[in-house]
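Let me begin by presenting the structure, written as structure tokens, before commenting on it.
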Amino acid sequence: MAEQKATNITWHDSHVSRAERNELNGHKGAVLWFTGLSACGKSTVANTVDHMLHARGKHTYCLDGDNVRFGLNKNLGFSAEDRAENIRRIGEVAKLFCDAGMITLTAFISPYTTDRQAARELLEEGEFIEIHVNASLETCEARDPKGLYRKARAGEIKGFTGIDDPYEAPENPELVLDADNKDIDTLAQEVVDYLEANGYV
């Protein structure tokens, strides 16, 4: 839990309620938290779902792990402490988007259970949907689109998830996607099917 350093501050309630924002949008706000190893397909699935929902007129936004490190989190590295702060900030941003009635898709390795749980606890019951994009290390290493596994194996990158830093797979995610054996479109459709079956869209 991050320390509250600011003093002499007061929470200001909005005149527009979350229910009113949801009514205007035509759907509830939610956070779809895609987690998995590097190169498992998180960003690709998240962006495909984003496109599918947008085509249906849903209000969405996708927060990508690399993209936020160009701006909001550009001062963070990949130590355990910086990874935790990275996910804490994203959890808070996703909460704001959710409060605005958006369906927010986040694609982050987010390797540690405690950090993902902290993000879940920021939201109301049912608003956090943890999606494990489950691909084996062998599959991810074979794909390696950014050449990161090759660099990690060569010792050029230290603390790389799956190689010399752990990935703690979710124990009870809302959804598990078999990224070893299914294509992106199939996985994205499974996410949309889940949202439909559970009344999110």
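Quick note on naming: the chains in the structure tokens go A, B, ... in the order shown, residues restart at 1 in each chain, and ligands are numbered from 1 in order of appearance.
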
Write down as a PyMOL selection string the residues of range 44-168 of chain A whose backbone DSSP state falls under helix (DSSP H, G or I). chain A and resi 44-55+65-68+80-99+113-121+137-143+148-153

Set the distance at 10 Å and use only C-alpha atoms: which residues neighbour Phe78 in chain A once local chain neighbours fewer than 6 positions away are removed? I'd like the list as a PyMOL selection string. chain A and resi 84-86+158-161

Please provide as a ChimeraX atom specification all residues within 9 Å of range 125-141 of chain A, with the sequence filter that same-chain residues fewer than 6 positions apart are discarded (counting only C-alpha atoms). /A:28-42,45,98,116,119,147-150,162-163,169-170,172-181,187,191

Save out the residues we just selected, C-alpha atoms, as a PDB file, in the first residue's frame.
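Once everything was written out, this is result02.pdb:
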ATOM      1  CA  LYS A  28     -21.388  -0.726 -16.806  1.00  0.00           C
ATOM      2  CA  GLY A  29     -17.788   0.238 -16.253  1.00  0.00           C
ATOM      3  CA  ALA A  30     -15.370  -2.655 -15.762  1.00  0.00           C
ATOM      4  CA  VAL A  31     -11.660  -3.464 -15.839  1.00  0.00           C
ATOM      5  CA  LEU A  32     -10.477  -6.394 -17.952  1.00  0.00           C
ATOM      6  CA  TRP A  33      -7.048  -7.211 -16.501  1.00  0.00           C
ATOM      7  CA  PHE A  34      -5.054  -9.307 -19.001  1.00  0.00           C
ATOM      8  CA  THR A  35      -2.030 -10.959 -17.378  1.00  0.00           C
ATOM      9  CA  GLY A  36       0.537 -13.446 -18.667  1.00  0.00           C
ATOM     10  CA  LEU A  37       4.133 -13.906 -19.755  1.00  0.00           C
ATOM     11  CA  SER A  38       5.790 -11.621 -22.259  1.00  0.00           C
ATOM     12  CA  ALA A  39       4.756 -12.665 -25.804  1.00  0.00           C
ATOM     13  CA  CYS A  40       1.749 -14.672 -24.597  1.00  0.00           C
ATOM     14  CA  GLY A  41      -0.577 -12.430 -26.644  1.00  0.00           C
ATOM     15  CA  LYS A  42      -1.991 -10.130 -23.937  1.00  0.00           C
ATOM     16  CA  VAL A  45      -6.023 -10.094 -27.514  1.00  0.00           C
ATOM     17  CA  CYS A  98     -14.108   2.380 -14.629  1.00  0.00           C
ATOM     18  CA  ARG A 116      -2.930  -7.898  -9.000  1.00  0.00           C
ATOM     19  CA  ALA A 119      -5.602  -3.639  -8.142  1.00  0.00           C
ATOM     20  CA  GLY A 147      13.842 -10.540 -29.012  1.00  0.00           C
ATOM     21  CA  LEU A 148      13.602 -10.134 -25.236  1.00  0.00           C
ATOM     22  CA  TYR A 149      13.893 -13.807 -24.327  1.00  0.00           C
ATOM     23  CA  ARG A 150      17.004 -14.114 -26.472  1.00  0.00           C
ATOM     24  CA  GLY A 162       9.915 -16.358 -16.673  1.00  0.00           C
ATOM     25  CA  ILE A 163      13.704 -16.533 -16.943  1.00  0.00           C
ATOM     26  CA  ALA A 169      -0.033 -17.377 -12.369  1.00  0.00           C
ATOM     27  CA  PRO A 170      -3.527 -16.439 -11.155  1.00  0.00           C
ATOM     28  CA  ASN A 172      -8.755 -18.092  -9.492  1.00  0.00           C
ATOM     29  CA  PRO A 173      -9.048 -15.776 -12.498  1.00  0.00           C
ATOM     30  CA  GLU A 174     -12.429 -15.012 -13.973  1.00  0.00           C
ATOM     31  CA  LEU A 175     -11.218 -16.306 -17.337  1.00  0.00           C
ATOM     32  CA  VAL A 176      -8.327 -18.424 -18.627  1.00  0.00           C
ATOM     33  CA  LEU A 177      -7.419 -18.205 -22.314  1.00  0.00           C
ATOM     34  CA  ASP A 178      -5.517 -21.107 -23.910  1.00  0.00           C
ATOM     35  CA  ALA A 179      -2.970 -19.092 -25.877  1.00  0.00           C
ATOM     36  CA  ASP A 180      -0.890 -22.182 -26.648  1.00  0.00           C
ATOM     37  CA  ASN A 181      -3.561 -23.761 -28.830  1.00  0.00           C
ATOM     38  CA  LEU A 187      -9.476 -15.931 -27.667  1.00  0.00           C
ATOM     39  CA  VAL A 191     -13.676 -12.674 -23.758  1.00  0.00           C
TER      40      VAL A 191
END

To one decimal in Å, tell me the separation between CA of Asp193 in chain A and CA of Arg120 in chain A. 21.6 Å

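When DSSP reads the backbone of this structure, the residues of chain A it assigns to strand (DSSP E) are Ala30, Val31, Leu32, Trp33, Phe34, Thr35, Thr60, Tyr61, Cys62, Leu63, Asp64, Ile103, Thr104, Leu105, Thr106, Ala107, Phe128, Ile129, Glu130, Ile131, His132, Val133, Asn134, Leu175, Val176, Leu177 and Asp178 of chain A.
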
Would you put the residues from that selection into a file with C-alpha atoms, as a PDB file, in the first residue's frame?
ATOM      1  CA  ALA A  30     -15.370  -2.655 -15.762  1.00  0.00           C
ATOM      2  CA  VAL A  31     -11.660  -3.464 -15.839  1.00  0.00           C
ATOM      3  CA  LEU A  32     -10.477  -6.394 -17.952  1.00  0.00           C
ATOM      4  CA  TRP A  33      -7.048  -7.211 -16.501  1.00  0.00           C
ATOM      5  CA  PHE A  34      -5.054  -9.307 -19.001  1.00  0.00           C
ATOM      6  CA  THR A  35      -2.030 -10.959 -17.378  1.00  0.00           C
ATOM      7  CA  THR A  60     -13.622   1.335 -24.156  1.00  0.00           C
ATOM      8  CA  TYR A  61      -9.972   2.166 -23.637  1.00  0.00           C
ATOM      9  CA  CYS A  62      -6.909  -0.068 -23.722  1.00  0.00           C
ATOM     10  CA  LEU A  63      -3.943   0.516 -21.386  1.00  0.00           C
ATOM     11  CA  ASP A  64      -0.868  -1.292 -22.706  1.00  0.00           C
ATOM     12  CA  ILE A 103     -14.738  -0.802 -20.204  1.00  0.00           C
ATOM     13  CA  THR A 104     -10.994  -0.608 -19.583  1.00  0.00           C
ATOM     14  CA  LEU A 105      -8.623  -3.243 -20.914  1.00  0.00           C
ATOM     15  CA  THR A 106      -5.177  -3.513 -19.321  1.00  0.00           C
ATOM     16  CA  ALA A 107      -2.400  -5.633 -20.825  1.00  0.00           C
ATOM     17  CA  PHE A 128     -12.354  -6.442 -11.902  1.00  0.00           C
ATOM     18  CA  ILE A 129     -12.145  -9.275 -14.433  1.00  0.00           C
ATOM     19  CA  GLU A 130      -8.807 -11.074 -14.265  1.00  0.00           C
ATOM     20  CA  ILE A 131      -7.966 -12.776 -17.559  1.00  0.00           C
ATOM     21  CA  HIS A 132      -4.991 -15.137 -17.635  1.00  0.00           C
ATOM     22  CA  VAL A 133      -3.590 -15.334 -21.153  1.00  0.00           C
ATOM     23  CA  ASN A 134      -2.041 -18.716 -20.557  1.00  0.00           C
ATOM     24  CA  LEU A 175     -11.218 -16.306 -17.337  1.00  0.00           C
ATOM     25  CA  VAL A 176      -8.327 -18.424 -18.627  1.00  0.00           C
ATOM     26  CA  LEU A 177      -7.419 -18.205 -22.314  1.00  0.00           C
ATOM     27  CA  ASP A 178      -5.517 -21.107 -23.910  1.00  0.00           C
TER      28      ASP A 178
END

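Compared by their closest atoms to Thr186 in chain A, and using only C-alpha atoms, the residues A:Ala152, A:Leu96, A:Ile90, A:Val49 rank with A:Val49 nearest.
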